[in-house]
Amino acid sequence: MKLNPRQDEAVKYISGPCLVLAGAGSGKTRVITNKIAYLVQECEYKAKNIAAVTFTNKAAREMRERVLQTLGKQDAKGLWVSTFHTLGLEIIKKEIKTLGYKTGFSLFDDQDTNQLLAELTEKEFERDKDLLNLLKNQISNWKNELILPERAIREAREPQKAQFAQLYARYQVQLRAYNALDFDDLIMIPTLLLAQFNEVRERWQSRFRYLLVDEYQDTNTSQYELVKLLVGERARFTVVGDDDQSIYSWRGAKPQNLVLLKKDFPGLRLIKLEQNYRSSGRILKAANILIANNPHEFEKQLFSELGYGDPLRVIATKDEEHEAERVVAEIISHKFMQRTSFKDYAILYRGNHQARVFEKALMSNRIPYKLSGGMSFFGRAEIKDMMAYLRFLVNQEDDNAFIRIVNTPKRDIGPVTLEKLGTLANEKHISLFEACFDTELPNRLHGRGMNALMGFARWVVELADRAIRGDTLEAVRDMVRESNYEAYLYESSTSAKAAEMRMKNVSELYRWISEMLSGDEDNPPMTLPEVVTKLTLRDMLERNEEEDEADAVQLLTLHASKGLEYPHVFMVGMEEGLLPHQTSIDEDNVEEERRLAYVGITRAQQTLTMTYAKSRRQFGEMITPELSRFVEELPQDDLAIEGKAPVKTQEQRMQDGQSKVAGLRAMLKR
DNA sequence: TGAGCTTCATTTTTT
DNA sequence: ATGAAGCTCA
């Protein structure tokens, strides 16, 4: 298919900074991939001098695939396509000497971070989860704003902020001691590094002579800063984004970065993509009218040439069970009449808890479904165990990993032994593993615990040794075998079946590792530390090919639906308090909720059905929600509203009266 | 070690 | 209300 004039302009403007405002379904990925091809084929850029950055691995993978299709393997050689975090990791790895980290550092994921912070704050706020979360977010915010502990301490005004800043400092010291980094560090550290050292910055600027950024509205301050440092004065870059699809400000994204771009780069060329190739005219009109209620920095009008299409349906149901049953019934009859596939249908909701009722309804109707999100592969205990083993193999200073594996499977190393080991490690400022070999240890630990600990320590030393000098894969295999992990799974699982499942997961992980270690024609072999960080970043080969192919109804949150499209979309729970979520109403932040609704609507290609329940259980109590204001904001002529009784019958009035009496009675009871 | 008890939270999630 | 997750005591 040919590019339209706007797309063409976006592809061919390469002489300066370029912002592409790409509305939903306007073919932005096509623009990015075509632009990369254009740079290489027509403008004498070398692929290895081009970097494209995304937010998710999935997006990066897709982009790489599509560029490869357009350019061919040969021309695309050396092209850098990755997430922000992987790019940051690359810079850290290459500049590790300047940074003073040891090779084989650990990457802490969210849970590791939580654990470390929980330990750090045990005394201060006796495992108050709210406080802990507050602290975690505050630290993350500081890092995203490129504020180091010293400055946080200096600038803290309220006592709580001051306390948090102190804890932030301790947290960073502790990470350093573990030779570990967290996810936010992967952006903050390279950014500070590039800002500080001219020579390093120039090196990276000449490595990446052209930069492309996808979903730019989701960047936070440190990511934007990194972009600026990478493009430098030459400012050869293209960023693609849509302020109307900014739905992640709650985790630090700064959609204002779109506006900042105009200020920071006065020569910025602004190109709008307004033709939508996805949705019917009616769906698009509704989306336009809805989002017009938000203030706009950049005006745009999406249009579609795909025909006007069916009205948007609005269905009222009695309660959440009925809502689920109704949606499932609609899918069944529609599929039967239109001869569609299950995978053409998506059910979108605001919160994960809403999925349960739909799962139940789908299951009892024997309809295959795919639930995205939820506890993933890496949330499983057995996978976390294995990851801890691997991490420890790579970095023996990683106390978090040490604690997880030292007595898993059971090795007679109990809390008392660990307590004593921990005290010694603390006193001497060494890692737990180092403490195992400290000359002082035999004076404090004897007998069974000591023996067990020594046995474990020696085993690990030997294993790490084998991993370094010999066949790494073999060492990993020995690790699983010699730890008797399989036997442990059978012992600790409730059933043999569950144990089998878990062992299958372990084997799957092992398979990935072996593939990554040996490499193939497209990917060079990796070292174990590389494999471990890649796994922690969830950046690996395709998950389950079969699972993606399966014909199943898609269940996902509105957030997770961004970037996807489906012929037939159901937006459920269109209620005040749920779609503009109550907390957002309270915080007066309905605009982001409206964008969320906008994202949902623009996922639909042919039909869109919105449902709401007239009563719903919430925190144990029955509530009677109102229809979402977002439905009221839509063009009423394009809606087919069902179940919203226009005139109440005598009978209904009676029922209403009765329920009011019941409500009064319930109130009096308290 | 595991059944049964208490406690707890019920927006969105990637890396 | 409800379900999950953690925790205790036998």
# chains A, B, ... in the order shown; residues from 1 in each chain; ligands from 1
$ select_by_dssp --residues "range 39-89 of chain A" --states "strand (DSSP E)" --output "PyMOL selection string"
chain A and resi 50-54+80-83
$ closest_atom_pairs --of "chain A" --to "chain C" --cutoff "10 Å" --atoms "only C-alpha atoms (C1' of nucleotides)" --output "JSON lines"
{"residue": "A:Arg617", "atom": "CA", "partner": "C:DA1", "partner_atom": "C1'", "distance": 7.9}
{"residue": "A:Gln618", "atom": "CA", "partner": "C:DA1", "partner_atom": "C1'", "distance": 8.3}
{"residue": "A:Phe619", "atom": "CA", "partner": "C:DA1", "partner_atom": "C1'", "distance": 6.8}
{"residue": "A:Gly620", "atom": "CA", "partner": "C:DA1", "partner_atom": "C1'", "distance": 4.0}
{"residue": "A:Glu621", "atom": "CA", "partner": "C:DA1", "partner_atom": "C1'", "distance": 7.3}
{"residue": "A:Met622", "atom": "CA", "partner": "C:DA1", "partner_atom": "C1'", "distance": 9.7}
$ write_last_selection --atoms "N, CA and C atoms" --output "compact mmCIF listing (two decimals), in the first residue's frame"
# COMPACT_ATOMS: atom_id res chain seq x y z
N ARG A 617 -21.88 -5.17 42.89
CA ARG A 617 -21.32 -5.36 44.23
C ARG A 617 -19.99 -4.65 44.31
N GLN A 618 -19.83 -3.91 45.37
CA GLN A 618 -18.55 -3.23 45.56
C GLN A 618 -18.21 -3.22 47.04
N PHE A 619 -17.08 -3.75 47.40
CA PHE A 619 -16.67 -3.85 48.79
C PHE A 619 -17.77 -4.49 49.61
N GLY A 620 -18.43 -5.48 49.05
CA GLY A 620 -19.45 -6.18 49.82
C GLY A 620 -20.81 -5.53 49.79
N GLU A 621 -20.87 -4.27 49.37
CA GLU A 621 -22.16 -3.62 49.35
C GLU A 621 -22.68 -3.50 47.93
N MET A 622 -24.00 -3.46 47.79
CA MET A 622 -24.61 -3.24 46.49
C MET A 622 -24.63 -1.75 46.22
$ residues_around --residues "DT15 in chain B" --least-positions-apart "5" --cutoff "12 Å" --atoms "only C-alpha atoms (C1' of nucleotides)" --output "NGL selection string"
:A and (54-58 or 82-89 or 107-110 or 182-187 or 533-539)
$ atom_distance --atom1 "CA of Gln205 in chain A" --atom2 "CA of Ser15 in chain A"
16.1 Å
$ atom_distance --atom1 "CA of Gln636 in chain A" --atom2 "CA of Ser304 in chain A"
19.6 Å
$ residues_around --residues "range 258-260 of chain A" --least-positions-apart "3" --cutoff "10 Å" --atoms "only C-alpha atoms (C1' of nucleotides)" --output "VMD selection string"
chain A and resid 19 21 216 to 219 224 239 to 243 254 to 255 263 to 265 297 to 298
